[in-house]
$ cat run_24.pdb   # PDB, C-alpha atoms
ATOM      1  CA  MET C  24     108.994  87.641  43.238
ATOM      2  CA  SER C  25     112.297  87.803  41.358
ATOM      3  CA  GLY C  26     115.338  87.639  43.607
ATOM      4  CA  TYR C  27     113.419  86.080  46.468
ATOM      5  CA  THR C  28     112.755  82.630  45.113
ATOM      6  CA  GLY C  29     115.455  81.047  47.271
ATOM      7  CA  ALA C  30     114.181  82.649  50.437
ATOM      8  CA  ALA C  31     110.545  82.204  49.503
ATOM      9  CA  GLY C  32     111.211  78.477  49.185
ATOM     10  CA  ARG C  33     111.351  78.344  52.945
ATOM     11  CA  LEU C  34     107.938  79.929  53.343
ATOM     12  CA  THR C  35     104.647  78.103  53.535
ATOM     13  CA  ARG C  36     102.159  78.714  50.762
ATOM     14  CA  ARG C  37     100.135  81.012  52.998
ATOM     15  CA  GLN C  38     103.224  83.005  54.009
ATOM     16  CA  ALA C  39     104.195  83.395  50.361
ATOM     17  CA  ARG C  40     100.721  84.757  49.570
ATOM     18  CA  ILE C  41     100.927  87.180  52.469
ATOM     19  CA  LEU C  42     104.388  88.341  51.398
ATOM     20  CA  ALA C  43     103.158  88.897  47.847
ATOM     21  CA  LEU C  44     100.265  91.029  49.146
ATOM     22  CA  VAL C  45     102.498  93.065  51.446
ATOM     23  CA  ARG C  46     104.849  93.699  48.554
ATOM     24  CA  ASP C  47     101.820  94.764  46.600
ATOM     25  CA  GLY C  48     101.314  97.552  49.139
ATOM     26  CA  ARG C  49      98.524  95.884  51.143
ATOM     27  CA  ASN C  50      98.505  96.297  54.891
ATOM     28  CA  VAL C  51      97.695  93.723  57.551
ATOM     29  CA  PRO C  52      93.939  94.468  57.867
ATOM     30  CA  ASP C  53      93.558  94.361  54.083
ATOM     31  CA  ILE C  54      95.367  91.044  53.852
ATOM     32  CA  ALA C  55      93.300  89.623  56.703
ATOM     33  CA  VAL C  56      90.077  90.483  54.875
ATOM     34  CA  ARG C  57      91.361  89.199  51.557
ATOM     35  CA  LEU C  58      92.633  85.861  52.830
ATOM     36  CA  ARG C  59      89.810  85.513  55.379
ATOM     37  CA  LEU C  60      92.241  85.287  58.263
ATOM     38  CA  SER C  61      92.221  87.066  61.607
ATOM     39  CA  LEU C  62      94.451  90.103  62.144
ATOM     40  CA  GLU C  63      96.396  88.099  64.721
ATOM     41  CA  VAL C  64      97.142  85.266  62.303
ATOM     42  CA  VAL C  65      98.310  87.660  59.596
ATOM     43  CA  ALA C  66     100.429  89.620  62.092
ATOM     44  CA  ASP C  67     101.985  86.362  63.349
ATOM     45  CA  GLU C  68     102.708  85.265  59.811
ATOM     46  CA  VAL C  69     104.354  88.610  59.046
ATOM     47  CA  THR C  70     106.562  88.079  62.090
ATOM     48  CA  THR C  71     107.500  84.609  60.853
ATOM     49  CA  ILE C  72     108.166  85.886  57.350
ATOM     50  CA  ASN C  73     110.422  88.587  58.763
ATOM     51  CA  ALA C  74     112.270  86.027  60.825
ATOM     52  CA  ARG C  75     112.797  83.695  57.886
ATOM     53  CA  ILE C  76     113.853  85.985  55.122
ATOM     54  CA  ASP C  77     115.393  89.345  54.777
ATOM     55  CA  ALA C  78     112.164  90.823  53.537
ATOM     56  CA  ARG C  79     112.959  94.248  54.846
ATOM     57  CA  ARG C  80     114.497  95.553  51.663
ATOM     58  CA  ALA C  81     111.749  94.058  49.519
ATOM     59  CA  LEU C  82     108.915  95.379  51.663
ATOM     60  CA  ARG C  83     110.328  98.833  52.191
ATOM     61  CA  GLN C  84     110.706  99.263  48.458
ATOM     62  CA  VAL C  85     107.054  98.590  47.887
ATOM     63  CA  SER C  86     105.205  99.987  50.867
ATOM     64  CA  ARG C  87     107.158 103.113  51.705
ATOM     65  CA  PRO C  88     105.616 106.196  50.146
ATOM     66  CA  THR C  89     107.886 107.648  47.484
ATOM     67  CA  SER C  90     108.187 111.275  48.468
ATOM     68  CA  VAL C  91     106.846 112.060  51.873
ATOM     69  CA  LEU C  92     108.565 115.207  52.940
ATOM     70  CA  LEU C  93     106.706 116.989  55.645
ATOM     71  CA  SER C  94     107.939 120.333  56.856
ATOM     72  CA  THR C  95     108.958 120.593  60.510
ATOM     73  CA  ARG C  96     105.685 122.395  61.257
ATOM     74  CA  GLU C  97     103.621 119.762  59.476
ATOM     75  CA  GLN C  98     105.437 117.062  61.438
ATOM     76  CA  GLN C  99     104.748 118.840  64.725
ATOM     77  CA  VAL C 100     101.094 119.227  63.768
ATOM     78  CA  LEU C 101     100.820 115.532  62.818
ATOM     79  CA  GLU C 102     102.346 114.521  66.160
ATOM     80  CA  ALA C 103      99.781 116.664  67.953
ATOM     81  CA  VAL C 104      96.959 115.182  65.844
ATOM     82  CA  ALA C 105      98.174 111.719  66.887
ATOM     83  CA  GLU C 106      97.903 112.859  70.512
ATOM     84  CA  GLY C 107      94.265 113.694  69.944
ATOM     85  CA  LEU C 108      94.564 117.469  70.182
ATOM     86  CA  THR C 109      92.080 119.797  68.474
ATOM     87  CA  ALA C 110      93.162 122.504  66.028
ATOM     88  CA  GLU C 111      92.702 125.059  68.781
ATOM     89  CA  GLN C 112      94.864 123.112  71.251
ATOM     90  CA  ILE C 113      97.540 122.551  68.602
ATOM     91  CA  GLY C 114      97.486 126.264  67.854
ATOM     92  CA  ARG C 115      98.099 127.086  71.501
ATOM     93  CA  ARG C 116     100.969 124.612  71.707
ATOM     94  CA  LEU C 117     102.695 125.784  68.545
ATOM     95  CA  HIS C 118     101.685 129.454  68.780
ATOM     96  CA  LEU C 119      99.674 129.332  65.571
ATOM     97  CA  SER C 120      96.131 130.365  64.747
ATOM     98  CA  ARG C 121      93.492 127.673  64.450
ATOM     99  CA  GLU C 122      93.200 128.437  60.748
ATOM    100  CA  THR C 123      96.947 128.016  60.211
ATOM    101  CA  VAL C 124      96.802 124.665  61.994
ATOM    102  CA  ARG C 125      93.925 123.597  59.746
ATOM    103  CA  SER C 126      95.931 124.661  56.724
ATOM    104  CA  HIS C 127      98.914 122.573  57.901
ATOM    105  CA  VAL C 128      96.614 119.580  58.468
ATOM    106  CA  LYS C 129      95.221 119.951  54.967
ATOM    107  CA  THR C 130      98.680 120.143  53.404
ATOM    108  CA  LEU C 131     100.080 117.193  55.336
ATOM    109  CA  ARG C 132      97.008 115.125  54.471
ATOM    110  CA  GLN C 133      97.543 115.916  50.805
ATOM    111  CA  LYS C 134     101.255 115.128  50.983
ATOM    112  CA  LEU C 135     100.592 111.798  52.681
ATOM    113  CA  GLY C 136      97.595 111.011  50.488
ATOM    114  CA  ALA C 137      95.402 110.620  53.571
ATOM    115  CA  ALA C 138      91.617 110.595  53.512
ATOM    116  CA  ASP C 139      91.337 112.073  57.001
ATOM    117  CA  ARG C 140      93.366 112.721  60.145
ATOM    118  CA  ALA C 141      93.173 109.134  61.415
ATOM    119  CA  HIS C 142      94.473 107.941  58.044
ATOM    120  CA  ALA C 143      97.231 110.569  58.193
ATOM    121  CA  VAL C 144      98.355 109.085  61.519
ATOM    122  CA  THR C 145      98.533 105.620  59.918
ATOM    123  CA  LEU C 146     100.536 106.880  56.969
ATOM    124  CA  GLY C 147     102.754 108.873  59.332
ATOM    125  CA  PHE C 148     103.644 105.674  61.175
ATOM    126  CA  ARG C 149     104.227 103.806  57.934
ATOM    127  CA  ALA C 150     106.442 106.555  56.588
ATOM    128  CA  GLY C 151     108.419 106.701  59.825
ATOM    129  CA  VAL C 152     107.319 110.272  60.579
ATOM    130  CA  LEU C 153     105.589 109.021  63.746
ATOM    131  CA  GLN C 154     107.034 106.416  66.088
TER     132      GLN C 154
ATOM    133  CA  VAL W   9      90.581  99.654  83.133
ATOM    134  CA  SER W  10      91.589  97.279  80.348
ATOM    135  CA  ARG W  11      92.953  98.912  77.239
ATOM    136  CA  ARG W  12      92.646  95.660  75.285
ATOM    137  CA  LEU W  13      90.283  95.851  72.362
ATOM    138  CA  THR W  14      87.884  93.079  71.420
ATOM    139  CA  TRP W  15      88.328  91.419  68.064
ATOM    140  CA  ARG W  16      85.482  93.508  66.605
ATOM    141  CA  GLN W  17      86.966  96.694  68.023
ATOM    142  CA  ARG W  18      90.314  95.837  66.436
ATOM    143  CA  GLU W  19      88.608  95.448  63.093
ATOM    144  CA  VAL W  20      86.985  98.833  63.554
ATOM    145  CA  VAL W  21      90.198 100.601  64.551
ATOM    146  CA  ALA W  22      91.974  98.992  61.568
ATOM    147  CA  LEU W  23      89.338 100.473  59.280
ATOM    148  CA  LEU W  24      89.576 103.884  60.979
ATOM    149  CA  ALA W  25      93.314 103.674  60.333
ATOM    150  CA  GLU W  26      92.537 103.257  56.651
ATOM    151  CA  GLY W  27      90.618 106.509  56.600
ATOM    152  CA  LEU W  28      87.135 105.012  56.684
ATOM    153  CA  ASN W  29      84.356 106.872  58.455
ATOM    154  CA  ALA W  30      81.300 105.399  60.218
ATOM    155  CA  PRO W  31      79.159 104.991  57.063
ATOM    156  CA  ASP W  32      82.127 103.353  55.222
ATOM    157  CA  ILE W  33      82.738 101.001  58.155
ATOM    158  CA  ALA W  34      79.051 100.074  58.298
ATOM    159  CA  VAL W  35      79.152  99.061  54.624
ATOM    160  CA  ARG W  36      82.424  97.170  54.980
ATOM    161  CA  LEU W  37      81.306  95.204  58.046
ATOM    162  CA  HIS W  38      77.675  94.769  56.914
ATOM    163  CA  ILE W  39      76.308  96.468  60.003
ATOM    164  CA  ALA W  40      74.067  99.483  60.635
ATOM    165  CA  GLU W  41      75.681 102.903  60.695
ATOM    166  CA  SER W  42      74.510 103.381  64.274
ATOM    167  CA  THR W  43      76.239 100.119  65.213
ATOM    168  CA  ALA W  44      79.447 101.289  63.525
ATOM    169  CA  THR W  45      79.226 104.552  65.451
ATOM    170  CA  ALA W  46      78.727 102.611  68.689
ATOM    171  CA  HIS W  47      81.794 100.466  67.941
ATOM    172  CA  ILE W  48      83.891 103.583  67.258
ATOM    173  CA  LYS W  49      82.708 105.127  70.503
ATOM    174  CA  ALA W  50      83.600 101.924  72.376
ATOM    175  CA  VAL W  51      87.073 101.894  70.785
ATOM    176  CA  LEU W  52      87.699 105.489  71.871
ATOM    177  CA  GLN W  53      86.510 104.748  75.396
ATOM    178  CA  ARG W  54      88.528 101.541  75.689
ATOM    179  CA  LEU W  55      91.718 103.248  74.535
ATOM    180  CA  ASP W  56      90.936 106.451  76.436
ATOM    181  CA  ALA W  57      91.333 108.321  73.149
ATOM    182  CA  ARG W  58      90.234 111.885  72.531
ATOM    183  CA  THR W  59      89.792 111.520  68.759
ATOM    184  CA  ARG W  60      89.770 108.791  66.105
ATOM    185  CA  ALA W  61      93.276 109.862  65.038
ATOM    186  CA  HIS W  62      94.363 109.489  68.667
ATOM    187  CA  ALA W  63      92.755 106.034  68.832
ATOM    188  CA  VAL W  64      94.718 104.911  65.776
ATOM    189  CA  ALA W  65      97.985 106.145  67.308
ATOM    190  CA  LEU W  66      97.235 104.423  70.639
ATOM    191  CA  ALA W  67      96.278 101.158  68.902
ATOM    192  CA  VAL W  68      99.553 101.186  66.952
ATOM    193  CA  MET W  69     101.646 102.069  69.986
ATOM    194  CA  SER W  70     100.011  99.379  72.130
ATOM    195  CA  GLY W  71     100.659  96.748  69.465
ATOM    196  CA  GLN W  72      96.977  96.159  68.780
ATOM    197  CA  LEU W  73      97.201  97.462  65.243
ATOM    198  CA  ILE W  74     100.153  96.366  63.180
ATOM    199  CA  LEU W  75     101.219  98.203  60.068
ATOM    200  CA  PRO W  76     103.735  96.464  57.737
ATOM    201  CA  ASP W  77     106.488  99.072  57.832
ATOM    202  CA  GLN W  78     106.138  99.882  61.468
ATOM    203  CA  HIS W  79     106.321  96.168  62.213
ATOM    204  CA  LEU W  80     109.502  95.795  60.191
ATOM    205  CA  GLU W  81     111.232  98.576  62.096
ATOM    206  CA  GLU W  82     111.137  96.323  65.147
ATOM    207  CA  THR W  83     112.920  93.485  63.363
ATOM    208  CA  PRO W  84     116.617  93.381  64.246
TER     209      PRO W  84
END

$ encode --input "run_24.pdb" --output "structure tokens"
Amino acid sequence: MSGYTGAAGRLTRRQARILALVRDGRNVPDIAVRLRLSLEVVADEVTTINARIDARRALRQVSRPTSVLLSTREQQVLEAVAEGLTAEQIGRRLHLSRETVRSHVKTLRQKLGAADRAHAVTLGFRAGVLQ
Amino acid sequence: VSRRLTWRQREVVALLAEGLNAPDIAVRLHIAESTATAHIKAVLQRLDARTRAHAVALAVMSGQLILPDQHLEETP
């Protein structure tokens, strides 16, 4: 928590614990489970924390993936995945074969470290690839 | 048609967002796999989502699933 002691002094004990977990790379659902709080409470607390301290720099440092560099194609494929399109539909949209789409999905999942396509969407949002 | 998820459905979509599948979710929530599958189906229907990946995107975009970074982007 070095460098944030002054700001953290204005946080409640619970907010400080949440901030520490977020900086540790935990997301809201994880924190909710860990601290036995509802998602809403944790989300509200994150809002309060953001309002009270300039946590942006601190959080970004920790939770942003280090080297997420998707190619333009991979980005387009991820956007289509987030829209719920199948490999075949994505292929038609981007003029690619279904197999090429699957290959792009596999590569982007690996680059993002995603377990599946739903997880890839999450990591895409967190990395700022999706908005 | 309400696109609001119930508390349980929000838990389920949060776990889908983490890359968990129905068997994983069943273990995590201490429920039967068939119940987990039913919850996932309900989430997709409620959000009018075509796939689980789509459901995650819709939950994030409708503010029903908050991810740390994405949340911070909205802070002025």

$ resolve_selection --input "run_24.pdb" --expression "the ChimeraX specification (/W :<10) & /C" --output "count of residues only"
54

$ atom_distance --input "run_24.pdb" --atom1 "CA of Gln98 in chain C" --atom2 "CA of Ile48 in chain W"
26.1 Å

$ residues_around --input "run_24.pdb" --residues "Ala44 in chain W" --least-positions-apart "3" --cutoff "8 Å" --atoms "all atoms listed in the file" --output "PyMOL selection string"
chain W and resi 20+30-31+33-34+39-41+47-48

$ write_last_selection --input "run_24.pdb" --atoms "C-alpha atoms" --output "PDB file, keeping the file's coordinate frame"
ATOM      1  CA  VAL W  20      86.985  98.833  63.554  1.00  0.00           C
ATOM      2  CA  ALA W  30      81.300 105.399  60.218  1.00  0.00           C
ATOM      3  CA  PRO W  31      79.159 104.991  57.063  1.00  0.00           C
ATOM      4  CA  ILE W  33      82.738 101.001  58.155  1.00  0.00           C
ATOM      5  CA  ALA W  34      79.051 100.074  58.298  1.00  0.00           C
ATOM      6  CA  ILE W  39      76.308  96.468  60.003  1.00  0.00           C
ATOM      7  CA  ALA W  40      74.067  99.483  60.635  1.00  0.00           C
ATOM      8  CA  GLU W  41      75.681 102.903  60.695  1.00  0.00           C
ATOM      9  CA  HIS W  47      81.794 100.466  67.941  1.00  0.00           C
ATOM     10  CA  ILE W  48      83.891 103.583  67.258  1.00  0.00           C
TER      11      ILE W  48
END

$ resolve_selection --input "run_24.pdb" --expression "the PyMOL selection byres ((chain W and resi 11) around 12)" --output "ChimeraX atom specification"
/W:9-10,12-14,17-18,50-57,63,66-67,69-72

$ axis_aligned_box --input "run_24.pdb" --around "range 45-52 of chain C" --padding-each-side "5 Å" --output "JSON"
{"center_x": 99.4, "center_y": 95.3, "center_z": 52.2, "size_x": 20.9, "size_y": 14.5, "size_z": 21.3}

$ atom_distance --input "run_24.pdb" --atom1 "CA of Val152 in chain C" --atom2 "CA of Arg132 in chain C"
12.9 Å

$ atom_distance --input "run_24.pdb" --atom1 "CA of Gln99 in chain C" --atom2 "CA of Glu122 in chain C"
15.5 Å

$ resolve_selection --input "run_24.pdb" --expression "the PyMOL selection byres ((chain C and resi 130) around 12)" --output "ChimeraX atom specification"
/C:91-94,96-98,100-101,123-129,131-140,143

$ build_atoms --input "run_24.pdb" --residues "range 25-56 of chain W" --atoms "N, CA and C atoms" --output "tab-separated table (two decimals), keeping the file's coordinate frame"
chain	number	residue	atom	x	y	z
W	25	ALA	N	91.93	103.41	60.73
W	25	ALA	CA	93.31	103.67	60.33
W	25	ALA	C	93.45	103.80	58.82
W	26	GLU	N	92.51	103.19	58.11
W	26	GLU	CA	92.54	103.26	56.65
W	26	GLU	C	91.78	104.47	56.12
W	27	GLY	N	91.31	105.30	57.02
W	27	GLY	CA	90.62	106.51	56.60
W	27	GLY	C	89.14	106.32	56.33
W	28	LEU	N	88.57	105.23	56.86
W	28	LEU	CA	87.14	105.01	56.68
W	28	LEU	C	86.37	105.73	57.79
W	29	ASN	N	85.21	106.25	57.44
W	29	ASN	CA	84.36	106.87	58.46
W	29	ASN	C	83.22	105.89	58.82
W	30	ALA	N	82.33	106.31	59.72
W	30	ALA	CA	81.30	105.40	60.22
W	30	ALA	C	80.44	104.79	59.09
W	31	PRO	N	79.96	105.59	58.15
W	31	PRO	CA	79.16	104.99	57.06
W	31	PRO	C	79.96	103.96	56.25
W	32	ASP	N	81.25	104.29	55.96
W	32	ASP	CA	82.13	103.35	55.22
W	32	ASP	C	82.28	102.04	55.99
W	33	ILE	N	82.51	102.18	57.31
W	33	ILE	CA	82.74	101.00	58.16
W	33	ILE	C	81.47	100.14	58.20
W	34	ALA	N	80.32	100.80	58.27
W	34	ALA	CA	79.05	100.07	58.30
W	34	ALA	C	78.91	99.21	57.05
W	35	VAL	N	79.24	99.79	55.88
W	35	VAL	CA	79.15	99.06	54.62
W	35	VAL	C	80.14	97.89	54.62
W	36	ARG	N	81.38	98.19	55.03
W	36	ARG	CA	82.42	97.17	54.98
W	36	ARG	C	82.12	95.98	55.90
W	37	LEU	N	81.55	96.27	57.07
W	37	LEU	CA	81.31	95.20	58.05
W	37	LEU	C	79.86	94.68	57.99
W	38	HIS	N	79.07	95.19	57.04
W	38	HIS	CA	77.68	94.77	56.91
W	38	HIS	C	76.90	94.95	58.20
W	39	ILE	N	77.03	96.14	58.77
W	39	ILE	CA	76.31	96.47	60.00
W	39	ILE	C	75.64	97.83	59.80
W	40	ALA	N	74.74	98.19	60.73
W	40	ALA	CA	74.07	99.48	60.64
W	40	ALA	C	75.05	100.60	60.97
W	41	GLU	N	74.80	101.77	60.42
W	41	GLU	CA	75.68	102.90	60.70
W	41	GLU	C	75.71	103.23	62.19
W	42	SER	N	74.56	103.09	62.83
W	42	SER	CA	74.51	103.38	64.27
W	42	SER	C	75.36	102.38	65.06
W	43	THR	N	75.40	101.13	64.56
W	43	THR	CA	76.24	100.12	65.21
W	43	THR	C	77.71	100.46	65.02
W	44	ALA	N	78.06	100.89	63.81
W	44	ALA	CA	79.45	101.29	63.52
W	44	ALA	C	79.85	102.43	64.44
W	45	THR	N	78.96	103.41	64.58
W	45	THR	CA	79.23	104.55	65.45
W	45	THR	C	79.43	104.10	66.89
W	46	ALA	N	78.61	103.14	67.32
W	46	ALA	CA	78.73	102.61	68.69
W	46	ALA	C	80.07	101.90	68.88
W	47	HIS	N	80.50	101.15	67.86
W	47	HIS	CA	81.79	100.47	67.94
W	47	HIS	C	82.94	101.49	68.05
W	48	ILE	N	82.84	102.55	67.24
W	48	ILE	CA	83.89	103.58	67.26
W	48	ILE	C	83.96	104.23	68.64
W	49	LYS	N	82.78	104.51	69.18
W	49	LYS	CA	82.71	105.13	70.50
W	49	LYS	C	83.35	104.20	71.55
W	50	ALA	N	83.05	102.91	71.43
W	50	ALA	CA	83.60	101.92	72.38
W	50	ALA	C	85.12	101.85	72.26
W	51	VAL	N	85.62	101.93	71.01
W	51	VAL	CA	87.07	101.89	70.78
W	51	VAL	C	87.73	103.10	71.47
W	52	LEU	N	87.14	104.26	71.27
W	52	LEU	CA	87.70	105.49	71.87
W	52	LEU	C	87.71	105.39	73.40
W	53	GLN	N	86.60	104.87	73.94
W	53	GLN	CA	86.51	104.75	75.40
W	53	GLN	C	87.54	103.76	75.92
W	54	ARG	N	87.63	102.60	75.24
W	54	ARG	CA	88.53	101.54	75.69
W	54	ARG	C	89.98	102.01	75.69
W	55	LEU	N	90.33	102.78	74.66
W	55	LEU	CA	91.72	103.25	74.54
W	55	LEU	C	91.95	104.57	75.27
W	56	ASP	N	90.86	105.14	75.80
W	56	ASP	CA	90.94	106.45	76.44
W	56	ASP	C	91.45	107.49	75.43
